[in-house]
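Structure data follow from final-v4.csv (CSV, C-alpha atoms):
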```csv
chain,number,residue,atom,x,y,z
A,1,MET,CA,-29.0,33.0,-16.2
A,2,SER,CA,-29.8,34.0,-19.8
A,3,ARG,CA,-27.1,36.6,-19.5
A,4,GLN,CA,-24.5,34.1,-18.7
A,5,ALA,CA,-25.5,31.8,-21.5
A,6,GLY,CA,-25.1,34.7,-24.0
A,7,ARG,CA,-21.7,35.6,-22.8
A,8,GLY,CA,-19.0,33.5,-24.5
A,9,THR,CA,-15.6,33.1,-22.9
A,10,GLU,CA,-14.0,34.8,-25.9
A,11,SER,CA,-13.9,38.5,-25.2
A,12,LYS,CA,-15.1,41.0,-27.8
A,13,LYS,CA,-12.5,42.9,-29.7
A,14,MET,CA,-12.4,46.5,-30.8
A,15,SER,CA,-10.1,48.9,-32.7
A,16,SER,CA,-6.9,49.5,-30.8
A,17,GLU,CA,-6.8,53.1,-32.2
A,18,LEU,CA,-9.8,54.2,-30.2
A,19,PHE,CA,-8.3,52.6,-27.1
A,20,THR,CA,-4.9,54.3,-27.7
A,21,LEU,CA,-6.4,57.7,-28.3
A,22,THR,CA,-8.8,57.4,-25.4
A,23,TYR,CA,-5.9,56.6,-23.1
A,24,GLY,CA,-4.0,59.6,-24.6
A,25,ALA,CA,-7.0,61.9,-23.9
A,26,LEU,CA,-6.9,60.7,-20.2
A,27,VAL,CA,-3.2,61.3,-19.8
A,28,THR,CA,-3.5,64.7,-21.4
A,29,GLN,CA,-6.3,65.6,-19.0
A,30,LEU,CA,-4.3,64.4,-16.0
A,31,CYS,CA,-1.3,66.5,-17.1
A,32,LYS,CA,-3.7,69.5,-17.2
A,33,ASP,CA,-5.2,68.7,-13.8
A,34,TYR,CA,-2.0,67.9,-11.8
A,35,GLU,CA,0.9,70.2,-11.3
A,36,ASN,CA,3.8,67.8,-11.8
A,37,ASP,CA,4.6,64.5,-13.6
A,38,GLU,CA,5.0,62.6,-10.3
A,39,ASP,CA,1.4,63.2,-9.3
A,40,VAL,CA,0.2,62.2,-12.8
A,41,ASN,CA,2.3,59.0,-12.5
A,42,LYS,CA,0.7,58.3,-9.1
A,43,GLN,CA,-2.8,58.9,-10.4
A,44,LEU,CA,-2.2,56.6,-13.4
A,45,ASP,CA,-1.0,53.9,-11.1
A,46,LYS,CA,-4.0,54.3,-8.9
A,47,MET,CA,-6.5,54.1,-11.8
A,48,GLY,CA,-4.6,51.1,-13.1
A,49,TYR,CA,-4.9,49.4,-9.7
A,50,ASN,CA,-8.6,50.0,-9.7
A,51,ILE,CA,-8.8,48.4,-13.2
A,52,GLY,CA,-6.6,45.4,-12.2
A,53,VAL,CA,-8.8,44.7,-9.2
A,54,ARG,CA,-11.8,44.3,-11.5
A,55,LEU,CA,-10.0,42.9,-14.5
A,56,ILE,CA,-8.8,39.8,-12.7
A,57,GLU,CA,-12.3,38.5,-12.3
A,58,ASP,CA,-13.0,39.0,-16.0
A,59,PHE,CA,-9.7,37.3,-16.7
A,60,LEU,CA,-10.3,34.2,-14.6
A,61,ALA,CA,-13.8,33.8,-16.0
A,62,ARG,CA,-12.6,33.9,-19.6
A,63,SER,CA,-9.2,32.3,-19.5
A,64,ASN,CA,-9.8,29.0,-17.7
A,65,VAL,CA,-6.4,29.4,-16.1
A,66,GLY,CA,-6.0,27.7,-12.8
A,67,ARG,CA,-3.9,28.5,-9.8
A,68,CYS,CA,-0.2,29.1,-10.7
A,69,HIS,CA,2.3,27.0,-8.8
A,70,ASP,CA,5.2,29.3,-8.9
A,71,PHE,CA,6.2,32.8,-10.0
A,72,ARG,CA,7.5,31.5,-13.3
A,73,GLU,CA,4.2,30.2,-14.2
A,74,THR,CA,2.6,33.5,-13.2
A,75,ALA,CA,5.0,35.3,-15.5
A,76,ASP,CA,4.0,33.0,-18.4
A,77,VAL,CA,0.3,33.5,-17.8
A,78,ILE,CA,0.7,37.3,-17.7
A,79,ALA,CA,2.7,37.5,-20.8
A,80,LYS,CA,1.1,34.8,-23.0
A,81,VAL,CA,-2.5,34.8,-21.9
A,82,ALA,CA,-3.3,38.1,-20.2
A,83,PHE,CA,-1.5,40.6,-22.4
A,84,LYS,CA,-2.6,38.7,-25.5
A,85,MET,CA,-6.2,38.7,-24.4
A,86,TYR,CA,-6.5,42.3,-23.4
A,87,LEU,CA,-3.9,44.2,-25.5
A,88,GLY,CA,-3.3,41.8,-28.3
A,89,ILE,CA,0.4,41.6,-27.7
A,90,THR,CA,2.7,39.0,-26.2
A,91,PRO,CA,5.7,40.5,-24.3
A,92,SER,CA,8.7,38.3,-23.9
A,93,ILE,CA,10.0,37.3,-20.4
A,94,THR,CA,13.6,37.9,-19.6
A,95,ASN,CA,16.2,38.8,-17.0
A,96,TRP,CA,15.1,36.4,-14.3
A,97,SER,CA,16.8,37.1,-11.0
A,98,PRO,CA,18.8,34.2,-9.6
A,99,ALA,CA,16.3,33.7,-6.8
A,100,GLY,CA,13.4,33.5,-9.4
A,101,ASP,CA,11.5,36.3,-7.7
A,102,GLU,CA,12.0,39.0,-10.3
A,103,PHE,CA,11.6,39.2,-14.1
A,104,SER,CA,11.2,41.6,-16.9
A,105,LEU,CA,8.5,41.9,-19.5
A,106,ILE,CA,9.7,43.3,-22.8
A,107,LEU,CA,7.0,45.0,-24.9
A,108,GLU,CA,7.8,45.1,-28.6
A,109,ASN,CA,4.7,47.1,-29.4
A,110,ASN,CA,3.1,48.9,-26.6
A,111,PRO,CA,-0.4,49.8,-27.9
A,112,LEU,CA,-0.7,52.6,-25.4
A,113,VAL,CA,2.0,54.6,-27.0
A,114,ASP,CA,1.0,54.4,-30.7
A,115,PHE,CA,0.9,58.0,-32.0
A,116,VAL,CA,2.7,59.2,-28.9
A,117,GLU,CA,5.6,61.5,-28.4
A,118,LEU,CA,6.6,62.9,-25.1
A,119,PRO,CA,7.2,66.7,-25.1
A,120,ASP,CA,10.5,67.7,-23.5
A,121,ASN,CA,8.8,69.4,-20.5
A,122,HIS,CA,7.3,66.0,-19.4
A,123,SER,CA,10.5,64.1,-19.1
A,124,SER,CA,9.6,62.5,-15.9
A,125,LEU,CA,6.1,61.4,-17.0
A,126,ILE,CA,5.8,57.6,-17.0
A,127,TYR,CA,3.2,57.6,-19.8
A,128,SER,CA,2.1,53.9,-19.5
A,129,ASN,CA,2.2,53.7,-15.7
A,130,LEU,CA,-1.4,52.6,-15.8
A,131,LEU,CA,-0.1,49.1,-16.8
A,132,CYS,CA,1.9,48.8,-13.5
A,133,GLY,CA,-1.2,49.6,-11.5
A,134,VAL,CA,-3.2,47.0,-13.5
A,135,LEU,CA,-0.6,44.2,-12.8
A,136,ARG,CA,-0.3,45.1,-9.2
A,137,GLY,CA,-4.1,45.3,-8.6
A,138,ALA,CA,-4.8,42.1,-10.5
A,139,LEU,CA,-2.2,40.0,-8.7
A,140,GLU,CA,-3.2,41.4,-5.3
A,141,MET,CA,-6.6,39.9,-5.8
A,142,VAL,CA,-4.9,36.5,-6.2
A,143,GLN,CA,-2.9,36.9,-3.0
A,144,MET,CA,0.3,38.1,-4.6
A,145,ALA,CA,1.9,41.3,-3.6
A,146,VAL,CA,4.2,42.5,-6.4
A,147,ASP,CA,6.3,45.5,-7.1
A,148,VAL,CA,5.9,46.7,-10.7
A,149,LYS,CA,7.8,49.5,-12.5
A,150,PHE,CA,9.0,50.7,-15.9
A,151,VAL,CA,12.8,50.5,-16.2
A,152,GLN,CA,13.0,51.2,-20.0
A,153,ASP,CA,10.6,53.0,-22.3
A,154,THR,CA,10.8,53.6,-26.0
A,155,LEU,CA,9.1,56.9,-25.4
A,156,LYS,CA,12.2,58.1,-23.6
A,157,GLY,CA,14.5,56.9,-26.3
A,158,ASP,CA,15.2,53.4,-25.0
A,159,GLY,CA,15.5,50.6,-27.5
A,160,VAL,CA,12.7,48.6,-25.9
A,161,THR,CA,10.0,49.0,-23.3
A,162,GLU,CA,10.7,47.0,-20.2
A,163,ILE,CA,8.5,46.4,-17.2
A,164,ARG,CA,10.2,45.0,-14.1
A,165,MET,CA,8.1,42.8,-11.8
A,166,LYS,CA,9.3,41.7,-8.4
A,167,PHE,CA,7.5,39.3,-6.1
A,168,VAL,CA,7.1,40.8,-2.6
A,169,LYS,CA,5.1,38.3,-0.6
A,170,ARG,CA,2.1,36.1,-0.5
A,171,ILE,CA,-0.9,37.8,1.0
A,172,GLU,CA,-2.4,35.6,3.7
A,173,ASP,CA,-6.2,35.5,3.8
A,174,ASN,CA,-7.3,37.5,6.8
A,175,LEU,CA,-10.6,36.2,7.8
A,176,PRO,CA,-12.8,38.8,9.5
A,177,ALA,CA,-12.8,38.4,13.3
A,178,GLY,CA,-15.2,35.7,14.5
A,179,GLU,CA,-15.4,33.9,11.1
A,180,GLU,CA,-12.9,31.2,12.0
B,1,MET,CA,6.5,76.3,-29.0
B,2,ASP,CA,9.8,74.3,-29.0
B,3,SER,CA,8.6,72.2,-26.0
B,4,ARG,CA,5.9,70.7,-28.2
B,5,PHE,CA,8.3,68.9,-30.3
B,6,THR,CA,10.8,66.2,-29.4
B,7,ARG,CA,14.1,66.1,-31.1
B,8,GLY,CA,14.7,62.8,-32.8
B,9,LYS,CA,13.7,60.8,-29.8
B,10,SER,CA,11.1,58.7,-31.5
B,11,ALA,CA,10.8,57.3,-35.0
B,12,ILE,CA,7.1,57.9,-35.0
B,13,LEU,CA,7.2,60.2,-38.1
B,14,GLU,CA,8.9,57.5,-40.1
B,15,ARG,CA,6.1,55.0,-39.6
B,16,SER,CA,3.5,54.4,-42.3
B,17,LEU,CA,0.0,55.4,-41.5
B,18,THR,CA,-1.4,52.3,-43.1
B,19,ARG,CA,-0.8,49.6,-40.5
B,20,PRO,CA,-2.0,46.1,-40.0
B,21,LYS,CA,-5.2,46.4,-38.1
B,22,THR,CA,-4.6,45.7,-34.4
B,23,GLU,CA,-7.2,45.0,-31.8
B,24,VAL,CA,-7.6,45.1,-28.1
B,25,SER,CA,-10.4,43.6,-26.0
B,26,LEU,CA,-13.5,45.5,-25.3
B,27,SER,CA,-13.1,44.6,-21.6
B,28,ALA,CA,-9.8,46.5,-21.5
B,29,PHE,CA,-11.4,49.6,-23.1
B,30,SER,CA,-14.5,49.4,-20.9
B,31,LEU,CA,-12.5,49.2,-17.7
B,32,LEU,CA,-10.4,52.2,-18.8
B,33,PHE,CA,-13.4,54.2,-19.8
B,34,SER,CA,-15.0,53.4,-16.5
B,35,GLU,CA,-12.0,54.9,-14.7
B,36,ILE,CA,-12.2,57.9,-16.9
B,37,VAL,CA,-15.9,58.4,-16.1
B,38,GLN,CA,-15.3,58.0,-12.4
B,39,TYR,CA,-12.3,60.4,-12.5
B,40,CYS,CA,-14.5,63.0,-14.2
B,41,GLN,CA,-17.4,62.5,-11.9
B,42,ASN,CA,-15.2,63.2,-8.9
B,43,ARG,CA,-14.4,66.6,-10.3
B,44,VAL,CA,-17.9,67.9,-11.2
B,45,TYR,CA,-21.1,68.7,-9.4
B,46,SER,CA,-23.8,67.8,-12.0
B,47,VAL,CA,-24.7,65.4,-14.8
B,48,SER,CA,-24.4,68.2,-17.4
B,49,GLU,CA,-20.9,69.1,-16.2
B,50,LEU,CA,-19.9,65.4,-16.3
B,51,GLN,CA,-21.2,65.2,-19.9
B,52,ASN,CA,-19.2,68.3,-20.8
B,53,LYS,CA,-16.1,66.8,-19.3
B,54,LEU,CA,-16.5,63.6,-21.2
B,55,SER,CA,-17.2,65.5,-24.4
B,56,GLU,CA,-13.9,67.5,-23.9
B,57,LEU,CA,-12.0,64.2,-23.6
B,58,GLY,CA,-13.8,63.0,-26.7
B,59,GLN,CA,-12.7,66.1,-28.6
B,60,GLN,CA,-9.1,65.2,-27.9
B,61,VAL,CA,-9.7,61.9,-29.7
B,62,GLY,CA,-11.7,63.4,-32.5
B,63,ALA,CA,-9.0,66.0,-33.3
B,64,ARG,CA,-6.4,63.2,-33.6
B,65,ILE,CA,-8.3,60.6,-35.5
B,66,LEU,CA,-9.5,63.2,-38.1
B,67,ASP,CA,-6.0,63.7,-39.6
B,68,VAL,CA,-5.2,60.0,-39.6
B,69,LEU,CA,-8.3,59.1,-41.4
B,70,VAL,CA,-8.2,61.9,-44.0
B,71,MET,CA,-4.6,60.9,-44.9
B,72,ARG,CA,-5.2,57.2,-44.8
B,73,GLU,CA,-8.7,56.8,-46.3
B,74,LYS,CA,-9.2,59.9,-48.3
B,75,ASN,CA,-5.7,60.5,-49.7
B,76,GLY,CA,-5.6,63.9,-47.9
B,77,LYS,CA,-8.8,65.2,-49.5
B,78,ARG,CA,-11.1,67.2,-47.2
B,79,GLU,CA,-14.8,67.3,-47.5
B,80,THR,CA,-16.5,70.7,-48.3
B,81,LYS,CA,-20.2,69.8,-48.2
B,82,VAL,CA,-22.3,69.2,-45.1
B,83,ILE,CA,-23.8,66.0,-46.4
B,84,ASN,CA,-20.4,64.6,-47.3
B,85,ILE,CA,-18.7,65.3,-44.0
B,86,LEU,CA,-21.7,63.7,-42.2
B,87,LEU,CA,-21.3,60.6,-44.4
B,88,PHE,CA,-17.6,60.6,-43.7
B,89,ILE,CA,-18.4,60.4,-40.0
B,90,LYS,CA,-21.2,57.9,-40.4
B,91,VAL,CA,-19.1,55.5,-42.5
B,92,THR,CA,-15.4,56.1,-42.3
B,93,VAL,CA,-15.0,57.4,-38.8
B,94,TRP,CA,-17.4,54.9,-37.3
B,95,LYS,CA,-15.8,52.0,-39.1
B,96,ALA,CA,-12.4,53.0,-37.8
B,97,LEU,CA,-13.5,53.6,-34.3
B,98,PHE,CA,-16.3,51.2,-33.7
B,99,GLY,CA,-15.9,48.6,-36.4
B,100,LYS,CA,-19.2,49.3,-38.2
B,101,GLU,CA,-21.2,52.1,-39.8
B,102,ALA,CA,-23.5,54.2,-37.6
B,103,ASP,CA,-27.0,52.8,-37.6
B,104,LYS,CA,-28.7,56.0,-39.0
B,105,LEU,CA,-28.1,59.5,-40.1
B,106,GLU,CA,-31.2,61.8,-40.2
B,107,GLN,CA,-32.0,65.4,-40.7
B,108,ALA,CA,-34.5,67.2,-38.4
B,109,ASN,CA,-37.8,67.8,-40.1
B,110,ASP,CA,-38.2,71.4,-39.0
B,111,ASP,CA,-34.6,72.7,-38.8
B,112,ASP,CA,-32.0,72.6,-41.6
B,113,LYS,CA,-29.2,73.1,-39.0
B,114,THR,CA,-29.9,70.0,-37.1
B,115,TYR,CA,-28.9,66.4,-37.9
B,116,TYR,CA,-29.0,63.2,-35.9
B,117,ILE,CA,-26.6,60.2,-35.8
B,118,ILE,CA,-28.5,57.4,-34.2
B,119,GLU,CA,-26.8,54.3,-32.7
B,120,LYS,CA,-29.0,51.7,-31.1
B,121,GLU,CA,-26.3,50.2,-28.9
B,122,PRO,CA,-23.2,52.3,-28.8
B,123,LEU,CA,-20.0,50.3,-28.2
B,124,ILE,CA,-19.0,52.7,-25.5
B,125,ASN,CA,-22.1,52.0,-23.5
B,126,THR,CA,-21.9,48.2,-23.8
B,127,TYR,CA,-21.1,47.6,-20.1
B,128,ILE,CA,-22.5,50.8,-18.6
B,129,SER,CA,-25.7,50.9,-16.6
B,130,VAL,CA,-26.9,54.3,-15.6
B,131,PRO,CA,-28.0,54.8,-12.0
B,132,LYS,CA,-31.7,55.8,-11.5
B,133,GLU,CA,-30.8,59.1,-9.9
B,134,ASN,CA,-28.7,60.1,-12.9
B,135,SER,CA,-31.0,58.7,-15.6
B,136,THR,CA,-30.2,61.5,-18.1
B,137,LEU,CA,-26.5,60.7,-18.1
B,138,ASN,CA,-25.4,59.3,-21.4
B,139,CYS,CA,-21.7,58.5,-21.5
B,140,ALA,CA,-21.8,58.6,-25.3
B,141,SER,CA,-21.2,62.3,-24.6
B,142,PHE,CA,-17.6,61.1,-25.2
B,143,THR,CA,-18.6,60.1,-28.7
B,144,ALA,CA,-20.4,63.4,-29.2
B,145,GLY,CA,-17.1,65.1,-28.4
B,146,ILE,CA,-15.3,63.1,-31.0
B,147,VAL,CA,-17.9,64.0,-33.6
B,148,GLU,CA,-17.9,67.7,-32.6
B,149,ALA,CA,-14.1,67.9,-32.9
B,150,ILE,CA,-14.1,66.2,-36.3
B,151,LEU,CA,-16.8,68.6,-37.6
B,152,THR,CA,-15.2,71.7,-36.1
B,153,TYR,CA,-11.6,70.9,-37.3
B,154,SER,CA,-13.0,70.1,-40.7
B,155,GLY,CA,-14.4,73.7,-41.0
B,156,PHE,CA,-18.0,72.8,-40.0
B,157,PRO,CA,-18.3,74.4,-36.5
B,158,ALA,CA,-21.1,72.6,-34.6
B,159,LYS,CA,-22.4,71.6,-31.1
B,160,VAL,CA,-22.9,67.9,-30.6
B,161,THR,CA,-24.8,66.4,-27.7
B,162,ALA,CA,-25.8,62.9,-26.7
B,163,HIS,CA,-29.4,61.9,-25.8
B,164,TRP,CA,-31.4,58.8,-24.9
B,165,HIS,CA,-33.6,58.5,-27.9
B,166,LYS,CA,-34.0,55.4,-30.1
B,167,GLY,CA,-31.0,54.0,-28.2
B,168,THR,CA,-28.5,56.9,-28.3
B,169,THR,CA,-29.0,59.9,-30.5
B,170,LEU,CA,-26.2,62.3,-31.1
B,171,MET,CA,-27.7,65.7,-32.0
B,172,ILE,CA,-25.6,67.8,-34.3
B,173,LYS,CA,-26.4,71.5,-34.4
B,174,PHE,CA,-24.4,73.3,-37.1
B,175,ASP,CA,-23.4,76.9,-36.8
B,176,GLU,CA,-25.6,79.2,-38.9
B,177,SER,CA,-22.7,80.1,-41.2
B,178,VAL,CA,-22.1,76.5,-42.1
B,179,ILE,CA,-25.6,76.0,-43.5
B,180,ALA,CA,-25.5,79.4,-45.3
B,181,ARG,CA,-22.2,78.5,-47.0
B,182,ASP,CA,-23.6,75.1,-48.0
B,183,LYS,CA,-26.6,76.8,-49.6
B,184,ALA,CA,-24.3,79.2,-51.4
B,185,LEU,CA,-22.2,76.3,-52.8
B,186,ASP,CA,-25.4,74.6,-54.0
B,187,GLY,CA,-26.5,77.8,-55.8
B,188,ARG,CA,-23.4,77.9,-57.9
```

For the structure just supplied, provide its representation as structure tokens.
Amino acid sequence: MSRQAGRGTESKKMSSELFTLTYGALVTQLCKDYENDEDVNKQLDKMGYNIGVRLIEDFLARSNVGRCHDFRETADVIAKVAFKMYLGITPSITNWSPAGDEFSLILENNPLVDFVELPDNHSSLIYSNLLCGVLRGALEMVQMAVDVKFVQDTLKGDGVTEIRMKFVKRIEDNLPAGEE
Amino acid sequence: MDSRFTRGKSAILERSLTRPKTEVSLSAFSLLFSEIVQYCQNRVYSVSELQNKLSELGQQVGARILDVLVMREKNGKRETKVINILLFIKVTVWKALFGKEADKLEQANDDDKTYYIIEKEPLINTYISVPKENSTLNCASFTAGIVEAILTYSGFPAKVTAHWHKGTTLMIKFDESVIARDKALDGR
């Protein structure tokens, strides 16, 4: 109990430069370990997924955000609460699909790519792909299957960085056999 | 060589090195670092190999932060004396990376090549608990790698390792030549 009492809901902050450079060291290592960019992208997504699955708990504990009623509310919480809390940025939400099941997050300043330039021989590397995995993993833990991908990236010369998120389906709770 | 450089794709070189201080949450870093440790662990067979791997990743960070800090904090001036480079690490590097100075900097009593940077509770280890069967593992090997790269690329070749002692102690063992040069400089 004492441990809980000592733990405020406000999460501790740290230098974003150490974070950025550490992420860079990881991507560099993956580029050495895997033969092609596609495999690195996959590995980043997988690591992101593992992070998301754990991060959601931390998020719910600290943010006091309740259940979202629709996908628009989810988008708001992701951009204004989650990104702010973990990366210190607030992406803007745009390009809603008419059905309201798809939107874009525009990142003005992506902390992961500070100091980063992509060499020409890694043109298909999705450098920040970890973020897609994080979003997918975290939302899966609150029963939402989503499809997340980068559609624009300043590292590749685009004007902005854009992450596209598409709602796939609600994941129904599958109770283990015999628990009903 | 040419593949190392991009041609006018990013405006990164136009940006100032002095930037408003930005922060991320320690949770985000800890979860990322945890993935890194697990990834490394899956590719090695022993604790010492794992520590080496973490140190290699740390060296990537150290090599990069060195240039930024020398330009930003020291106006491009490099240190030439052992004690000054150690203080640069204890104060400037630590503040930039961990938001505070290192707790202690000490020299070994019996060996003029060996120094210690002691940190009671390293930021990196905040949320890490070491399993009993791997009790010697100290993930601050990553920090040791950072320090090793900064020393080496500043012209003070050294080996830096992390140990559980008074919290976490980073043991710095300088190359013979570094100490000899320092003494020669003193003699002048």

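For the set B:Ile146, B:Ile117, B:Met71, B:Ile85, the residue with the smallest atom-to-atom gap to chain A is B:Ile146, counting all atoms listed in the file.
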
Per residue of chain A within 9 Å of chain B, note the shortest atom pair and the distance in Å to one decimal, counting all atoms listed in the file, and order the rows by chain and increasing residue number, as JSON lines.
```
{"residue": "A:Ser11", "atom": "CA", "partner": "B:Ser25", "partner_atom": "CA", "distance": 6.2}
{"residue": "A:Lys12", "atom": "CA", "partner": "B:Leu26", "partner_atom": "CA", "distance": 5.4}
{"residue": "A:Lys13", "atom": "CA", "partner": "B:Ser25", "partner_atom": "CA", "distance": 4.3}
{"residue": "A:Met14", "atom": "CA", "partner": "B:Glu23", "partner_atom": "CA", "distance": 5.5}
{"residue": "A:Ser15", "atom": "CA", "partner": "B:Glu23", "partner_atom": "CA", "distance": 4.9}
{"residue": "A:Ser16", "atom": "CA", "partner": "B:Glu23", "partner_atom": "CA", "distance": 4.6}
{"residue": "A:Glu17", "atom": "CA", "partner": "B:Leu97", "partner_atom": "CA", "distance": 7.0}
{"residue": "A:Leu18", "atom": "CA", "partner": "B:Leu97", "partner_atom": "CA", "distance": 5.6}
{"residue": "A:Phe19", "atom": "CA", "partner": "B:Phe29", "partner_atom": "CA", "distance": 5.9}
{"residue": "A:Leu21", "atom": "CA", "partner": "B:Val61", "partner_atom": "CA", "distance": 5.5}
{"residue": "A:Thr22", "atom": "CA", "partner": "B:Val61", "partner_atom": "CA", "distance": 6.3}
{"residue": "A:Tyr23", "atom": "CA", "partner": "B:Leu32", "partner_atom": "CA", "distance": 7.6}
{"residue": "A:Gly24", "atom": "CA", "partner": "B:Val61", "partner_atom": "CA", "distance": 8.0}
{"residue": "A:Ala25", "atom": "CA", "partner": "B:Leu57", "partner_atom": "CA", "distance": 5.5}
{"residue": "A:Leu26", "atom": "CA", "partner": "B:Ile36", "partner_atom": "CA", "distance": 6.8}
{"residue": "A:Thr28", "atom": "CA", "partner": "B:Gln60", "partner_atom": "CA", "distance": 8.6}
{"residue": "A:Gln29", "atom": "CA", "partner": "B:Leu57", "partner_atom": "CA", "distance": 7.5}
{"residue": "A:Met47", "atom": "CA", "partner": "B:Glu35", "partner_atom": "CA", "distance": 6.3}
{"residue": "A:Gly48", "atom": "CA", "partner": "B:Leu32", "partner_atom": "CA", "distance": 8.2}
{"residue": "A:Asn50", "atom": "CA", "partner": "B:Glu35", "partner_atom": "CA", "distance": 7.8}
{"residue": "A:Ile51", "atom": "CA", "partner": "B:Leu31", "partner_atom": "CA", "distance": 5.9}
{"residue": "A:Gly52", "atom": "CA", "partner": "B:Leu31", "partner_atom": "CA", "distance": 8.9}
{"residue": "A:Arg54", "atom": "CA", "partner": "B:Leu31", "partner_atom": "CA", "distance": 7.9}
{"residue": "A:Leu55", "atom": "CA", "partner": "B:Leu31", "partner_atom": "CA", "distance": 7.5}
{"residue": "A:Asp58", "atom": "CA", "partner": "B:Ser27", "partner_atom": "CA", "distance": 7.9}
{"residue": "A:Lys84", "atom": "CA", "partner": "B:Val24", "partner_atom": "CA", "distance": 8.5}
{"residue": "A:Met85", "atom": "CA", "partner": "B:Ser25", "partner_atom": "CA", "distance": 6.6}
{"residue": "A:Tyr86", "atom": "CA", "partner": "B:Ser25", "partner_atom": "CA", "distance": 4.9}
{"residue": "A:Leu87", "atom": "CA", "partner": "B:Val24", "partner_atom": "CA", "distance": 4.6}
{"residue": "A:Gly88", "atom": "CA", "partner": "B:Val24", "partner_atom": "CA", "distance": 5.4}
{"residue": "A:Ile89", "atom": "CA", "partner": "B:Val24", "partner_atom": "CA", "distance": 8.7}
{"residue": "A:Pro111", "atom": "CA", "partner": "B:Val24", "partner_atom": "CA", "distance": 8.6}
{"residue": "A:Asp114", "atom": "CA", "partner": "B:Ile12", "partner_atom": "CA", "distance": 8.2}
{"residue": "A:Phe115", "atom": "CA", "partner": "B:Ile12", "partner_atom": "CA", "distance": 6.9}
{"residue": "A:Val116", "atom": "CA", "partner": "B:Ile12", "partner_atom": "CA", "distance": 7.6}
{"residue": "A:Glu117", "atom": "CA", "partner": "B:Ser10", "partner_atom": "CA", "distance": 6.9}
{"residue": "A:Leu118", "atom": "CA", "partner": "B:Thr6", "partner_atom": "CA", "distance": 6.9}
{"residue": "A:Pro119", "atom": "CA", "partner": "B:Arg4", "partner_atom": "CA", "distance": 5.2}
{"residue": "A:Asp120", "atom": "CA", "partner": "B:Ser3", "partner_atom": "CA", "distance": 5.5}
{"residue": "A:Asn121", "atom": "CA", "partner": "B:Ser3", "partner_atom": "CA", "distance": 6.2}
{"residue": "A:Thr154", "atom": "CA", "partner": "B:Ser10", "partner_atom": "CA", "distance": 7.5}
{"residue": "A:Leu155", "atom": "CA", "partner": "B:Ser10", "partner_atom": "CA", "distance": 6.7}
{"residue": "A:Lys156", "atom": "CA", "partner": "B:Lys9", "partner_atom": "CA", "distance": 6.9}
{"residue": "A:Gly157", "atom": "CA", "partner": "B:Lys9", "partner_atom": "CA", "distance": 5.3}
{"residue": "A:Asp158", "atom": "CA", "partner": "B:Lys9", "partner_atom": "CA", "distance": 8.9}
```

If we count all atoms listed in the file, what is near Ala102 of chain B at a cut-off of 10 Å, once residues fewer than 6 positions away on the same chain are taken out, given as a PDB file with C-alpha atoms, in the frame of the given file?
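Wrote around-v1.pdb, looks like this:
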```pdb
ATOM      1  CA  LEU B  87     -21.300  60.600 -44.400  1.00  0.00           C
ATOM      2  CA  ILE B  89     -18.400  60.400 -40.000  1.00  0.00           C
ATOM      3  CA  LYS B  90     -21.200  57.900 -40.400  1.00  0.00           C
ATOM      4  CA  VAL B  91     -19.100  55.500 -42.500  1.00  0.00           C
ATOM      5  CA  THR B  92     -15.400  56.100 -42.300  1.00  0.00           C
ATOM      6  CA  VAL B  93     -15.000  57.400 -38.800  1.00  0.00           C
ATOM      7  CA  TRP B  94     -17.400  54.900 -37.300  1.00  0.00           C
ATOM      8  CA  LYS B  95     -15.800  52.000 -39.100  1.00  0.00           C
ATOM      9  CA  ILE B 117     -26.600  60.200 -35.800  1.00  0.00           C
ATOM     10  CA  ILE B 118     -28.500  57.400 -34.200  1.00  0.00           C
ATOM     11  CA  GLU B 119     -26.800  54.300 -32.700  1.00  0.00           C
ATOM     12  CA  LYS B 120     -29.000  51.700 -31.100  1.00  0.00           C
ATOM     13  CA  GLU B 121     -26.300  50.200 -28.900  1.00  0.00           C
ATOM     14  CA  PRO B 122     -23.200  52.300 -28.800  1.00  0.00           C
TER      15      PRO B 122
END
```

Can you work out the spacing between atom CA of Ser128 of chain A and atom CA of Lys169 of chain A in Å, to one decimal?
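Computing the Euclidean distance for atom CA of Ser128 of chain A and atom CA of Lys169 of chain A yields 24.7 Å.
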
Please compute the atom CA of Thr152 of chain B-atom CA of Tyr116 of chain B distance, one decimal, in Å.
16.2 Å
